[in-house]
Each structure stands twice: as structure tokens, then as C-alpha cells.
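Enquirer: Data file target.csv (CSV, C-alpha atoms) is appended below.
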chain,number,residue,atom,x,y,z
A,1415,PHE,CA,15.0,-81.8,-17.9
A,1416,LEU,CA,12.9,-82.5,-21.0
A,1417,VAL,CA,14.4,-79.7,-23.1
A,1418,PRO,CA,17.6,-80.7,-25.0
A,1419,ASP,CA,20.7,-78.6,-24.4
A,1420,LEU,CA,20.4,-75.7,-26.8
A,1421,ALA,CA,23.6,-73.9,-25.9
A,1422,PRO,CA,26.4,-73.8,-28.5
A,1423,PRO,CA,29.2,-76.3,-27.9
A,1424,PRO,CA,32.2,-74.9,-26.0
A,1425,SER,CA,35.1,-73.7,-28.1
A,1426,GLY,CA,37.7,-74.8,-25.6
A,1427,PRO,CA,38.2,-75.5,-22.0
A,1428,PRO,CA,36.5,-73.1,-19.6
A,1429,PRO,CA,38.8,-70.2,-18.6
A,1430,VAL,CA,37.8,-70.4,-14.9
A,1431,GLU,CA,36.6,-73.5,-13.0
A,1432,LEU,CA,34.8,-73.2,-9.7
A,1433,TYR,CA,35.2,-75.7,-6.9
A,1434,LEU,CA,33.8,-76.1,-3.4
A,1435,GLY,CA,36.7,-76.0,-0.9
A,1436,ARG,CA,37.6,-75.7,2.7
A,1437,ILE,CA,40.3,-73.5,4.2
A,1438,VAL,CA,42.8,-75.8,5.8
A,1439,ALA,CA,45.4,-73.3,6.9
A,1440,PHE,CA,46.6,-69.8,6.5
A,1441,LEU,CA,50.2,-69.5,5.3
A,1442,PRO,CA,52.5,-67.2,7.2
A,1443,PRO,CA,53.3,-64.0,5.4
A,1444,GLY,CA,56.9,-63.8,4.1
A,1445,ASP,CA,59.1,-61.4,2.2
A,1446,ASP,CA,57.6,-62.4,-1.1
A,1447,GLN,CA,54.4,-60.5,-1.6
A,1448,THR,CA,53.4,-62.8,-4.5
A,1449,ALA,CA,53.5,-66.0,-2.5
A,1450,PRO,CA,50.2,-67.8,-1.8
A,1451,ASP,CA,48.6,-67.0,1.5
A,1452,VAL,CA,46.1,-69.9,2.1
A,1453,ARG,CA,45.9,-73.6,1.7
A,1454,VAL,CA,42.5,-75.1,0.7
A,1455,GLU,CA,41.2,-78.6,0.3
A,1456,ILE,CA,38.9,-79.3,-2.7
A,1457,LEU,CA,35.7,-81.0,-1.5
A,1458,ALA,CA,33.9,-81.6,-4.8
A,1459,GLY,CA,34.5,-81.9,-8.5
A,1460,GLU,CA,37.2,-83.6,-10.5
A,1461,ARG,CA,40.0,-82.3,-8.2
A,1462,LYS,CA,38.2,-83.6,-5.0
A,1463,GLY,CA,40.7,-84.4,-2.2
A,1464,GLU,CA,43.5,-82.2,-3.6
A,1465,THR,CA,45.1,-79.7,-1.2
A,1466,LEU,CA,46.1,-76.5,-3.1
A,1467,GLU,CA,47.9,-73.3,-2.1
A,1468,GLY,CA,46.2,-70.1,-3.4
A,1469,TYR,CA,45.4,-66.5,-2.7
A,1470,LEU,CA,42.6,-64.9,-0.7
A,1471,GLN,CA,40.3,-62.5,-2.5
A,1472,GLY,CA,37.1,-60.8,-1.7
A,1473,PRO,CA,33.9,-61.2,-3.7
A,1474,SER,CA,34.5,-60.3,-7.4
A,1475,GLY,CA,38.2,-59.7,-6.7
A,1476,GLN,CA,37.6,-56.9,-4.1
A,1477,GLN,CA,40.5,-56.0,-1.9
A,1478,GLU,CA,38.4,-56.1,1.3
A,1479,LEU,CA,38.2,-59.7,2.4
A,1480,PRO,CA,35.5,-61.4,4.4
A,1481,ARG,CA,36.6,-62.8,7.7
A,1482,TYR,CA,37.8,-66.2,6.6
A,1483,GLN,CA,38.6,-68.8,9.3
A,1484,VAL,CA,40.2,-72.2,9.2
A,1485,GLY,CA,37.4,-74.7,8.3
A,1486,ASP,CA,35.2,-72.3,6.3
A,1487,ALA,CA,33.6,-73.7,3.2
A,1488,VAL,CA,34.7,-71.4,0.3
A,1489,VAL,CA,34.4,-71.0,-3.4
A,1490,VAL,CA,37.7,-71.8,-5.1
A,1491,ASN,CA,38.6,-70.3,-8.5
A,1492,ALA,CA,41.0,-72.2,-10.7
A,1493,SER,CA,42.1,-70.1,-13.7
A,1494,ALA,CA,44.2,-71.4,-16.5
A,1495,GLU,CA,47.3,-69.3,-16.9
A,1496,PRO,CA,50.2,-69.7,-19.4
A,1497,ASP,CA,52.6,-70.7,-16.6
A,1498,GLY,CA,50.2,-73.0,-14.7
A,1499,THR,CA,46.9,-72.7,-12.8
A,1500,PHE,CA,46.1,-69.7,-10.6
A,1501,ILE,CA,44.1,-70.7,-7.5
A,1502,SER,CA,42.2,-68.1,-5.5
A,1503,VAL,CA,39.6,-68.2,-2.8
A,1504,ALA,CA,36.8,-66.0,-4.1
A,1505,ASP,CA,34.1,-66.0,-1.4
A,1506,LEU,CA,32.5,-68.0,1.4
A,1507,TYR,CA,30.2,-70.8,0.2
A,1508,ARG,CA,26.7,-69.5,0.7
A,1509,ILE,CA,24.4,-72.1,-0.8
A,1510,PRO,CA,23.1,-73.5,2.5
A,1511,ALA,CA,22.1,-70.1,3.7
A,1512,LEU,CA,20.5,-69.3,0.4
A,1513,ALA,CA,18.6,-72.6,0.4
A,1514,LEU,CA,17.3,-71.8,3.9
A,1515,LEU,CA,16.1,-68.4,2.8
A,1516,ILE,CA,14.4,-69.9,-0.3
A,1517,GLY,CA,12.7,-72.4,2.0
A,1518,ILE,CA,11.5,-69.7,4.4
A,1519,PHE,CA,10.2,-67.7,1.4
A,1520,ALA,CA,8.3,-70.7,0.0
A,1521,ALA,CA,6.8,-71.4,3.4
A,1522,ALA,CA,5.7,-67.8,3.8
A,1523,VAL,CA,4.1,-67.7,0.3
A,1524,THR,CA,2.4,-71.0,0.9
A,1525,LEU,CA,1.1,-69.8,4.4
A,1526,VAL,CA,-0.2,-66.5,3.1
A,1527,GLY,CA,-1.4,-67.6,-0.4
A,1528,GLY,CA,-2.5,-71.2,0.2
A,1529,TRP,CA,-2.8,-73.2,-3.0
A,1530,ARG,CA,-2.7,-70.1,-5.1
A,1531,GLY,CA,0.7,-69.3,-3.5
A,1532,VAL,CA,1.9,-72.8,-4.3
A,1533,ARG,CA,0.8,-72.4,-7.9
A,1534,SER,CA,2.6,-69.0,-8.1
A,1535,LEU,CA,5.8,-70.7,-6.8
A,1536,ILE,CA,5.4,-73.3,-9.6
A,1537,ALA,CA,5.0,-70.5,-12.1
A,1538,LEU,CA,8.1,-68.8,-10.7
A,1539,ALA,CA,10.1,-72.0,-11.1
A,1540,LEU,CA,8.8,-72.4,-14.6
A,1541,THR,CA,9.9,-68.9,-15.5
A,1542,LEU,CA,13.4,-69.5,-14.2
A,1543,ALA,CA,13.6,-72.8,-16.1
A,1544,VAL,CA,12.5,-71.1,-19.3
A,1545,VAL,CA,15.1,-68.4,-19.0
A,1546,VAL,CA,17.9,-70.8,-18.1
A,1547,LYS,CA,17.1,-73.6,-20.5
A,1548,LEU,CA,15.6,-71.7,-23.5
A,1549,VAL,CA,16.2,-67.9,-23.5
A,1550,VAL,CA,19.9,-67.8,-22.6
A,1551,PRO,CA,21.0,-70.8,-24.8
A,1552,LEU,CA,19.0,-69.5,-27.8
A,1553,ILE,CA,20.5,-66.0,-27.5
A,1554,LEU,CA,24.0,-67.5,-27.1
A,1555,ALA,CA,23.4,-69.6,-30.2
A,1556,GLY,CA,22.8,-66.4,-32.2
A,1557,HIS,CA,19.0,-66.2,-32.4
A,1558,ASP,CA,17.3,-62.7,-32.4
A,1559,PRO,CA,17.2,-61.7,-28.7
A,1560,ALA,CA,14.0,-59.6,-29.1
A,1561,LEU,CA,12.1,-62.5,-30.7
A,1562,VAL,CA,13.3,-65.0,-28.2
A,1563,ALA,CA,12.4,-62.7,-25.3
A,1564,ILE,CA,9.0,-61.9,-26.6
A,1565,GLY,CA,8.2,-65.5,-27.4
A,1566,ALA,CA,9.3,-66.7,-24.0
A,1567,ALA,CA,7.6,-63.9,-22.1
A,1568,THR,CA,4.3,-64.6,-24.0
A,1569,GLY,CA,4.5,-68.3,-23.3
A,1570,VAL,CA,5.4,-67.9,-19.6
A,1571,THR,CA,2.7,-65.3,-19.1
A,1572,ILE,CA,0.0,-67.5,-20.6
A,1573,VAL,CA,1.0,-70.6,-18.5
A,1574,THR,CA,1.3,-68.4,-15.4
A,1575,PHE,CA,-2.2,-67.1,-15.8
A,1576,LEU,CA,-3.5,-70.6,-16.4
A,1577,LEU,CA,-1.7,-71.9,-13.3
A,1578,THR,CA,-2.7,-69.1,-10.9
A,1579,GLU,CA,-6.1,-68.1,-12.2
A,1580,GLY,CA,-7.4,-71.2,-13.9
A,1581,ALA,CA,-9.0,-71.6,-17.3
A,1582,ARG,CA,-12.4,-70.2,-16.5
A,1583,MET,CA,-14.1,-67.7,-18.8
A,1584,THR,CA,-15.6,-65.3,-16.2
Translate the structure of the given file into C-alpha cells.

Expert:
Amino acid sequence: FLVPDLAPPPSGPPPVELYLGRIVAFLPPGDDQTAPDVRVEILAGERKGETLEGYLQGPSGQQELPRYQVGDAVVVNASAEPDGTFISVADLYRIPALALLIGIFAAAVTLVGGWRGVRSLIALALTLAVVVKLVVPLILAGHDPALVAIGAATGVTIVTFLLTEGARMT
């Protein structure tokens, strides 16, 4: 939060916007194979409250679909197209399950490692923050990737050792 945004400014609107949505209904299949097959309600973002018709897709556009049901929380892709906006359901919304797994992992590390485990989790969070807030933006801005990676790795390694082992000389 203390590091300014180092990423280059966007050159235009994003080609794909992601929204949290909920499946409201499945549309009956018709003769037109290009017709939308699902109706979703947008739950968050600038389009909150809108109900849109779109297409079901598997993760990363795969043809094999997860078992979607009415009421499922899903990730909705809105892609800008020359003739309008293409709406598709990309995958189930998995953030709550991932948050639960992260919580279980943190509890297990704390239980097994005690305070050293907590300090290791802090070092892991610091590493993630450095990669997301410094390394990726600096590389996108055109800085030398090798120098950025070496500098970030050196800094994170020193701070991690200090956090987990302390500053003793023995």
C-alpha cells in the first residue's frame, strides 16, 4: 500500500472485464446454435444489478463445462467486440474455497512452526507483495527483467532471513 503504482498507464480500455455473477436461468436450446444459453445477474462492479444473456464456457474456454446450476456464483467475462459486448460464463467463483484453504494452511503452519511459522507466513506475504507491486510493474514499464529479478530476490531473501532467523551473529 505504501508503494506507488509503478505500472505503465493503460493505452485504452481493457479488452476483457471480469465480473462476479450468479446464474439466474438456463435458456432453452433453439435452432440457432449461436444464441446465448444462460442468463446471469452481475453481483459486483460497475454493472451491478444488470441481468445479461451469455454463453457457457469451461475454464480457459474449454469445451468441457463444469456442472453449472441455477444460483451458482460464477466469473463472467465481458469482451469488447466490434458489434457489441460478448458475455460468457468462464468458471465457477472459487474465491471462498481458496480463502478457506489459505486459512487452513496458515493455521497448520502456525500450529507446526509457532512464531517462526508466523514470521515465515509474513515473509511469504512480503514476497508476494514485492512480485505484484514491484517486479511485474517494473518489467512492464520496460526495465531490465534480469536486474529487477536479481534486485527483488536479493532484497526479499535478506528480509526473509532477518524475519525468520533474526539478526544474531552466531

Enquirer: Which of these residues is nearest to A:Asp1419, using only C-alpha atoms: A:Ala1555, A:Val1532, A:Val1454, A:Ala1560?

Expert: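 Once distances to A:Asp1419 are computed over only C-alpha atoms, the minimum belongs to A:Ala1555.
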
Enquirer: Can you tell me, as an NGL selection string, what residues are no more than 12 Å from A:His1557 when counting all atoms listed in the file, ignoring any on the same chain fewer than 5 positions away?

Expert: :A and (1420-1422 or 1548-1552 or 1562-1563 or 1565)

Enquirer: Can you list, as a list in words, every protein, DNA or RNA residue that comes within 9 Å of A:Thr1465 when you count all atoms listed in the file, leaving out same-chain residues fewer than 6 positions away?

Expert: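 Within the cut-off, the hits are Val1438, Arg1453, Val1454, Glu1455 and Ile1456 of chain A.
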
Enquirer: With C-alpha atoms retained, write the just-selected residues as a short mmCIF file (atom, residue, chain, number, x, y, z; two decimals), keeping the file's coordinate frame.

Expert:
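And here's part_32.cif as it stands now:
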data_model
loop_
_atom_site.label_atom_id
_atom_site.label_comp_id
_atom_site.auth_asym_id
_atom_site.auth_seq_id
_atom_site.Cartn_x
_atom_site.Cartn_y
_atom_site.Cartn_z
CA VAL A 1438 42.80 -75.80 5.80
CA ARG A 1453 45.90 -73.60 1.70
CA VAL A 1454 42.50 -75.10 0.70
CA GLU A 1455 41.20 -78.60 0.30
CA ILE A 1456 38.90 -79.30 -2.70
#

Enquirer: Go ahead and compute the interatomic distance for atom CA of A:Glu1579 and atom CA of A:Ala1537, in Å to one decimal.

Expert: 11.4 Å

Enquirer: Separation of atom CA of A:Val1544 and atom CA of A:Ala1566, in Å?

Expert: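 Computing it gives 7.2 Å between the two atoms.
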
Enquirer: Pick the closest to A:Ala1439 from A:Ser1493, A:Thr1524, A:Gln1483, A:Ser1534: which is it, counting all atoms listed in the file?

Expert: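 Ranking A:Ser1493, A:Thr1524, A:Gln1483, A:Ser1534 by distance to A:Ala1439, first place goes to A:Gln1483.
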
Enquirer: Work out how far atom CA of A:Gly1485 is from atom CA of A:Tyr1469, in Å to one decimal.

Expert: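 So the two atoms, atom CA of A:Tyr1469 and atom CA of A:Gly1485, lie 15.9 Å apart.
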
Enquirer: Measuring between only C-alpha atoms, which one of A:Lys1462, A:Arg1508, A:Arg1436, A:Arg1533 shows the shortest distance to A:Ala1487?

Expert: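 For A:Ala1487, the nearest of the candidates is A:Arg1436.
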
Enquirer: Looking at all atoms listed in the file, which of A:Leu1441, A:Val1489, A:Leu1434, A:Ala1581 is the one that sits closest to A:Asp1505?

Expert: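 For A:Asp1505, the nearest of the given residues is A:Val1489.
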
Enquirer: Could you give me, as number ranges by chain, the residues within 12 Å of A:Val1503, counting all atoms listed in the file and dropping anything in the same chain fewer than 2 positions from it?

Expert: A: 1431-1438, 1440, 1450-1456, 1466-1476, 1479-1480, 1482, 1486-1493, 1500-1501, 1505-1507
